[in-house]
Protein chains: 2
Amino acid sequence: MVRILRIAVVSVALASSASVITASATPPLESLAVTASSLGQKALDDPAAYGFVASLATEIGQRLAGTEAHKRAVAWAEAKLKGTGFDNVHSEPFTLPAWIRGAESAEIVGPVPQHLAITALGGSVATGAGGIEAEIALFRTYAELLAAPPGSLNGKIAVVTQRMVRAQDGSGYGAANPIRRAGPSEAAKRGAVAYLLRSLGTDSHRLPHTGALNYDDGAPRIPAAALAIPDAEQLERLAALGPVRVRLVLTPVVADNAPSWNVVGEVKGAERPDEIILIGGHLDSWDLGTGATDDGAGVAIAFGAARLIAGLPQRPSRTIRVVLFGAEEMDFSGAAYAKAHEGEAGKIVMAGEADFGARTVYSVQLPPGAAGSDFGHMLGRVIAPLGANVDRRPPLFGGEDVRGLQQAGVPVVSLRQDGLDYFDTHHTADDTLDKIDPKELNQAVAVWSATTYLTAASDVDFRSLAASAK
Amino acid sequence: MVRILRIAVVSVALASSASVITASATPPLESLAVTASSLGQKALDDPAAYGFVASLATEIGQRLAGTEAHKRAVAWAEAKLKGTGFDNVHSEPFTLPAWIRGAESAEIVGPVPQHLAITALGGSVATGAGGIEAEIALFRTYAELLAAPPGSLNGKIAVVTQRMVRAQDGSGYGAANPIRRAGPSEAAKRGAVAYLLRSLGTDSHRLPHTGALNYDDGAPRIPAAALAIPDAEQLERLAALGPVRVRLVLTPVVADNAPSWNVVGEVKGAERPDEIILIGGHLDSWDLGTGATDDGAGVAIAFGAARLIAGLPQRPSRTIRVVLFGAEEMDFSGAAYAKAHEGEAGKIVMAGEADFGARTVYSVQLPPGAAGSDFGHMLGRVIAPLGANVDRRPPLFGGEDVRGLQQAGVPVVSLRQDGLDYFDTHHTADDTLDKIDPKELNQAVAVWSATTYLTAASDVDFRSLAASAK
């Protein structure tokens, strides 16, 4: 639990500073901080963000990119943004090869028949309806698989059961990610006919974690699936006793040139509307759950934060653009957005994506040089009562969907949410609305609204702060 | 966590009492208590019980009564009992109509398509391969369903979403049980074409809880399934918005006269071998998980407790009979056992079944009149260092498989295990080995071994204690 201070509206320190009025066109940071604090406090009791994700997860449910369900979500999101006072609401189309899950099952054939809980990795090729049956070669670490010589896995199903580490900042996922992303091709290079990994997750449930793989052009494309964690442990115990044969059936298909959309809504800036603060989440989800925490929560946070700002008596100077990305799980929407907005990158002051669940924000990572600036200090004072602080380190990453913008020079922020249990349900059937605590979600909205407002209303220039910091 | 005292072997009080030797053929309770305490302490470090359940859950896995998998479990269990010094190891056959799960799926058809996580109730009839599609009638409590008039559910799928209460003693399950057992027929009497209930469970996972139903001869037999808890909540939210249509497919079959067995092994009594202390668990399991806590743990506890006693330099006076029942989940093995042993009931001094998971025992319920007897007081002193006490209340129930014996006048005991999270995984795919903490399991073995030994080695007569208590 994070302790959140409810303050009368603004702290005493801020209120006294606010009385120092200058002649500048942009109000002094102190004065903006009063509004930012007030927004944060208001967010704590605002039902809008939770209502947004509850409606999305209930009335739409799963919304895999490129499917009819995602199309319904796009129409739903446009209607929500239009209905709550956003400007310039529209959807920007792009296409992707949509991967659609088929039948999926796995059984231990011998020593005795047993069912295994598995799910295909996104992008996996099919086994064919008859499946693949083979003896397994089990590796307790990914390094052991990588150490296996070419040909040593000929005809085998490679299984990697390395554990993922539980960590508040999600660093266990980053470290384990190659096991899912690159593992299938690494196994194929060594002769394997299929690939299974222990789910990248921190739970102990029979609910496997899907997620995308990336085939290497230099290796045959073999079917790949994730084992639920208890099933990976069952295979470890059985493999220690003798040979184990497994049968795997996966029948996904790919629909080329499937349509998707990035849904956009804006809070037009009062004085410098062409300067853009871009915040977002992704509207697409995996197909197993209802995409409540990944990333219904993220789109709800961006929506809720911007909506509160839109409701202020005076709009901030710069434009706040909310983008609900359409194919994050398949790694397509960020690239599509960056390409379509190539010419505009220089006008994007800051970009950030909320895509790490529904729990509280404990720290804000600003672009290089900003944490120690007047802006960073003021933001720190604003968010401290919410139980968050400004991290002295800049972010490595602002979210998959703003990676393309970041590569084009756009400064990114990262609002770090408590991810200690995020990977218990991430990419599983268990990603459902009951996993969201509305109070924690609101704290995240509060920190996002304060950070977004202070950036949009001030004249902070992260590019020049970064340049001076060098 | 229960605090368990490790004692040198016996408490000082017991050691001093033990020096009072009498002339009776049966050693005094004080002396037996020394051995019982020593057994309990030994159990805390004995790997045998955990090894038993680990092997069963790994090498056999699920073992639904009447299937080949259960047959494998019977052979496995006989070999284990024979290999660890039990006497008179054999299996006693009976038959049952074996219910075998088929395909099972459910979808919300409208307002928008969504998958539902469901599982057929044991004993449910099939829908036919094409399934049943109908509008749902949702009741948030079972009482509301019972209050619905005949005909009011014509053509509908009845859905009951009443919550089950989490309680250490499992009382929430008893209270909710009619929703699963009797609900299908109650819905059918009112015209429903199928029945769904919120799983009887205390978790929030997409893993539905199966369990047996009992059709009422006075109503049509309609297909019945349990919804995972997040899915029941999803239906509640959707039903609040408008009509919901659901399609349900269940294709179970029944194999009449399928064979099952109660597996038996004994520790023959040294002086009064025809007097029997019967302890057991059930070897069959539901088919979704690997039957680790239900009831691999229970058979492991009975096995582990009796095995420790068999290893004593001097065997107790009476016989300890371990029975691994063969069809508890289908309510068949206890009745079969009681019928086959009708003539022997008078010789069974005490019966008890471990069938409530793998956590610690916090109290022992003895037959009426025994808690306040010398035996009860001595047992209380023996188990106190293990973190358990003798409950002043007698048990209502000693386990489904000893119900028939209880009805035939056999005194039953109930060793109450901590069930606070038992119904998180009960009857789900999640009932797997990782849910067992070997230390907690060993504490249960310790209390069972002490209780069983003290009963078998003494001349306690629960029938006469009950008669004097009246």
# chains A, B, ... in the order shown; residues from 1 in each chain; ligands from 1
call {"tool": "closest_atom_pairs", "arguments": {"of": "chain A", "to": "chain B", "cutoff": "8 Å", "atoms": "only C-alpha atoms", "output": "JSON lines"}}
result
{"residue": "A:Thr58", "atom": "CA", "partner": "B:Gln234", "partner_atom": "CA", "distance": 6.2}
{"residue": "A:Glu59", "atom": "CA", "partner": "B:Leu238", "partner_atom": "CA", "distance": 7.1}
{"residue": "A:Ile60", "atom": "CA", "partner": "B:Val112", "partner_atom": "CA", "distance": 6.9}
{"residue": "A:Gly61", "atom": "CA", "partner": "B:Gln114", "partner_atom": "CA", "distance": 6.6}
{"residue": "A:Gln62", "atom": "CA", "partner": "B:Gln114", "partner_atom": "CA", "distance": 7.5}
{"residue": "A:Pro111", "atom": "CA", "partner": "B:Glu59", "partner_atom": "CA", "distance": 7.9}
{"residue": "A:Val112", "atom": "CA", "partner": "B:Ile60", "partner_atom": "CA", "distance": 6.9}
{"residue": "A:Gln114", "atom": "CA", "partner": "B:Gly61", "partner_atom": "CA", "distance": 6.7}
{"residue": "A:Ser204", "atom": "CA", "partner": "B:Asp434", "partner_atom": "CA", "distance": 7.3}
{"residue": "A:His205", "atom": "CA", "partner": "B:Asp430", "partner_atom": "CA", "distance": 5.7}
{"residue": "A:Arg206", "atom": "CA", "partner": "B:Asp430", "partner_atom": "CA", "distance": 5.5}
{"residue": "A:Leu207", "atom": "CA", "partner": "B:Arg206", "partner_atom": "CA", "distance": 7.8}
{"residue": "A:Pro230", "atom": "CA", "partner": "B:Asp434", "partner_atom": "CA", "distance": 6.7}
{"residue": "A:Gln234", "atom": "CA", "partner": "B:Thr58", "partner_atom": "CA", "distance": 6.2}
{"residue": "A:Arg237", "atom": "CA", "partner": "B:Thr58", "partner_atom": "CA", "distance": 7.0}
{"residue": "A:Leu238", "atom": "CA", "partner": "B:Thr58", "partner_atom": "CA", "distance": 6.8}
{"residue": "A:Ala429", "atom": "CA", "partner": "B:Arg206", "partner_atom": "CA", "distance": 6.3}
{"residue": "A:Asp430", "atom": "CA", "partner": "B:Arg206", "partner_atom": "CA", "distance": 5.5}
{"residue": "A:Thr432", "atom": "CA", "partner": "B:Pro230", "partner_atom": "CA", "distance": 6.8}
{"residue": "A:Leu433", "atom": "CA", "partner": "B:Pro230", "partner_atom": "CA", "distance": 7.8}
{"residue": "A:Asp434", "atom": "CA", "partner": "B:Pro230", "partner_atom": "CA", "distance": 6.7}
call {"tool": "write_last_selection", "arguments": {"atoms": "C-alpha atoms", "output": "mmCIF file, in the first residue's frame"}}
result
data_model
loop_
_atom_site.group_PDB
_atom_site.id
_atom_site.type_symbol
_atom_site.label_atom_id
_atom_site.label_comp_id
_atom_site.auth_asym_id
_atom_site.auth_seq_id
_atom_site.Cartn_x
_atom_site.Cartn_y
_atom_site.Cartn_z
ATOM 1 C CA THR A 58 -17.103 -5.671 -19.719
ATOM 2 C CA GLU A 59 -18.788 -4.508 -22.896
ATOM 3 C CA ILE A 60 -15.961 -5.239 -25.339
ATOM 4 C CA GLY A 61 -13.745 -7.749 -23.522
ATOM 5 C CA GLN A 62 -10.709 -9.066 -25.401
ATOM 6 C CA PRO A 111 5.313 -42.108 -19.334
ATOM 7 C CA VAL A 112 1.551 -41.703 -18.631
ATOM 8 C CA GLN A 114 -1.455 -36.096 -18.662
ATOM 9 C CA SER A 204 1.495 -20.445 -9.713
ATOM 10 C CA HIS A 205 -1.698 -20.953 -11.699
ATOM 11 C CA ARG A 206 -2.685 -23.183 -14.595
ATOM 12 C CA LEU A 207 -3.103 -20.117 -16.781
ATOM 13 C CA PRO A 230 2.740 -25.648 -12.544
ATOM 14 C CA GLN A 234 5.542 -31.011 -13.622
ATOM 15 C CA ARG A 237 9.928 -33.472 -12.200
ATOM 16 C CA LEU A 238 8.981 -35.998 -14.868
ATOM 17 C CA ALA A 429 -6.895 -15.378 -19.183
ATOM 18 C CA ASP A 430 -6.738 -13.933 -15.690
ATOM 19 C CA THR A 432 -9.816 -9.344 -15.844
ATOM 20 C CA LEU A 433 -11.483 -6.374 -14.184
ATOM 21 C CA ASP A 434 -11.450 -7.824 -10.665
#
call {"tool": "residues_around", "arguments": {"residues": "Val364 in chain A", "least_positions_apart": "3", "cutoff": "10 Å", "atoms": "only C-alpha atoms", "output": "PyMOL selection string"}}
result
chain A and resi 361+367+371+376+379-380+383+388-395+413-417+447-448+451
call {"tool": "residues_around", "arguments": {"residues": "range 130-138 of chain A", "least_positions_apart": "4", "cutoff": "12 Å", "atoms": "only C-alpha atoms", "output": "PyMOL selection string"}}
result
chain A and resi 103-111+125-126+142+144-145+148+152-162+187+190-198+222-224+232-240+242-251
call {"tool": "select_by_dssp", "arguments": {"residues": "range 83-203 of chain B", "states": "strand (DSSP E)", "output": "ChimeraX atom specification"}}
result
/B:87-100,104-110,114-116,118-120,132-139,157-160,194-198
call {"tool": "select_by_dssp", "arguments": {"residues": "range 386-425 of chain A", "states": "helix (DSSP H, G or I)", "output": "list in words"}}
result
Leu386, Glu400, Asp401, Val402, Arg403, Gly404, Leu405, Gln406, Gln407, Tyr422, Phe423, Asp424 and Thr425 of chain A
call {"tool": "write_last_selection", "arguments": {"atoms": "C-alpha atoms", "output": "short mmCIF file (atom, residue, chain, number, x, y, z; two decimals), in the first residue's frame"}}
result
data_model
loop_
_atom_site.label_atom_id
_atom_site.label_comp_id
_atom_site.auth_asym_id
_atom_site.auth_seq_id
_atom_site.Cartn_x
_atom_site.Cartn_y
_atom_site.Cartn_z
CA LEU A 386 0.31 11.35 -3.83
CA GLU A 400 6.51 0.23 -26.85
CA ASP A 401 4.19 2.63 -28.70
CA VAL A 402 6.40 5.69 -28.21
CA ARG A 403 9.62 3.89 -29.07
CA GLY A 404 9.40 5.12 -32.68
CA LEU A 405 8.90 8.70 -31.52
CA GLN A 406 11.77 8.36 -29.08
CA GLN A 407 13.99 7.18 -31.94
CA TYR A 422 1.71 -7.38 -12.57
CA PHE A 423 3.22 -10.53 -14.05
CA ASP A 424 0.92 -12.78 -12.07
CA THR A 425 -1.83 -12.17 -14.63
#
call {"tool": "residues_around", "arguments": {"residues": "Lys80 in chain A", "least_positions_apart": "5", "cutoff": "10 Å", "atoms": "only C-alpha atoms", "output": "list of chain:residue names"}}
result
A:Phe52, A:Val74, A:Ala75, A:Gly85, A:Phe86, A:Val89, A:Gly265, A:Phe303
call {"tool": "atom_distance", "arguments": {"atom1": "CA of Ala65 in chain A", "atom2": "CA of Met164 in chain A"}}
result
26.7 Å
call {"tool": "closest_residue", "arguments": {"among": "A:Gly352, A:His426, A:Asn214, A:Ala258", "to": "Leu396 in chain A", "atoms": "only C-alpha atoms"}}
result
A:Gly352
call {"tool": "residues_around", "arguments": {"residues": "Asn88 in chain B", "least_positions_apart": "2", "cutoff": "10 Å", "atoms": "only C-alpha atoms", "output": "PyMOL selection string"}}
result
chain B and resi 81-82+85-86+90-91+264-268+321
call {"tool": "residues_around", "arguments": {"residues": "Ile277 in chain B", "least_positions_apart": "4", "cutoff": "6 Å", "atoms": "only C-alpha atoms", "output": "number ranges by chain"}}
result
B: 320-321, 349-350
call {"tool": "closest_residue", "arguments": {"among": "A:Gly201, A:Pro385, A:Gly122, A:Pro411", "to": "Ser38 in chain A", "atoms": "only C-alpha atoms"}}
result
A:Pro385
call {"tool": "residues_around", "arguments": {"residues": "Val299 in chain B", "least_positions_apart": "2", "cutoff": "7 Å", "atoms": "only C-alpha atoms", "output": "ChimeraX atom specification"}}
result
/B:280-283,295-297,301-303,324
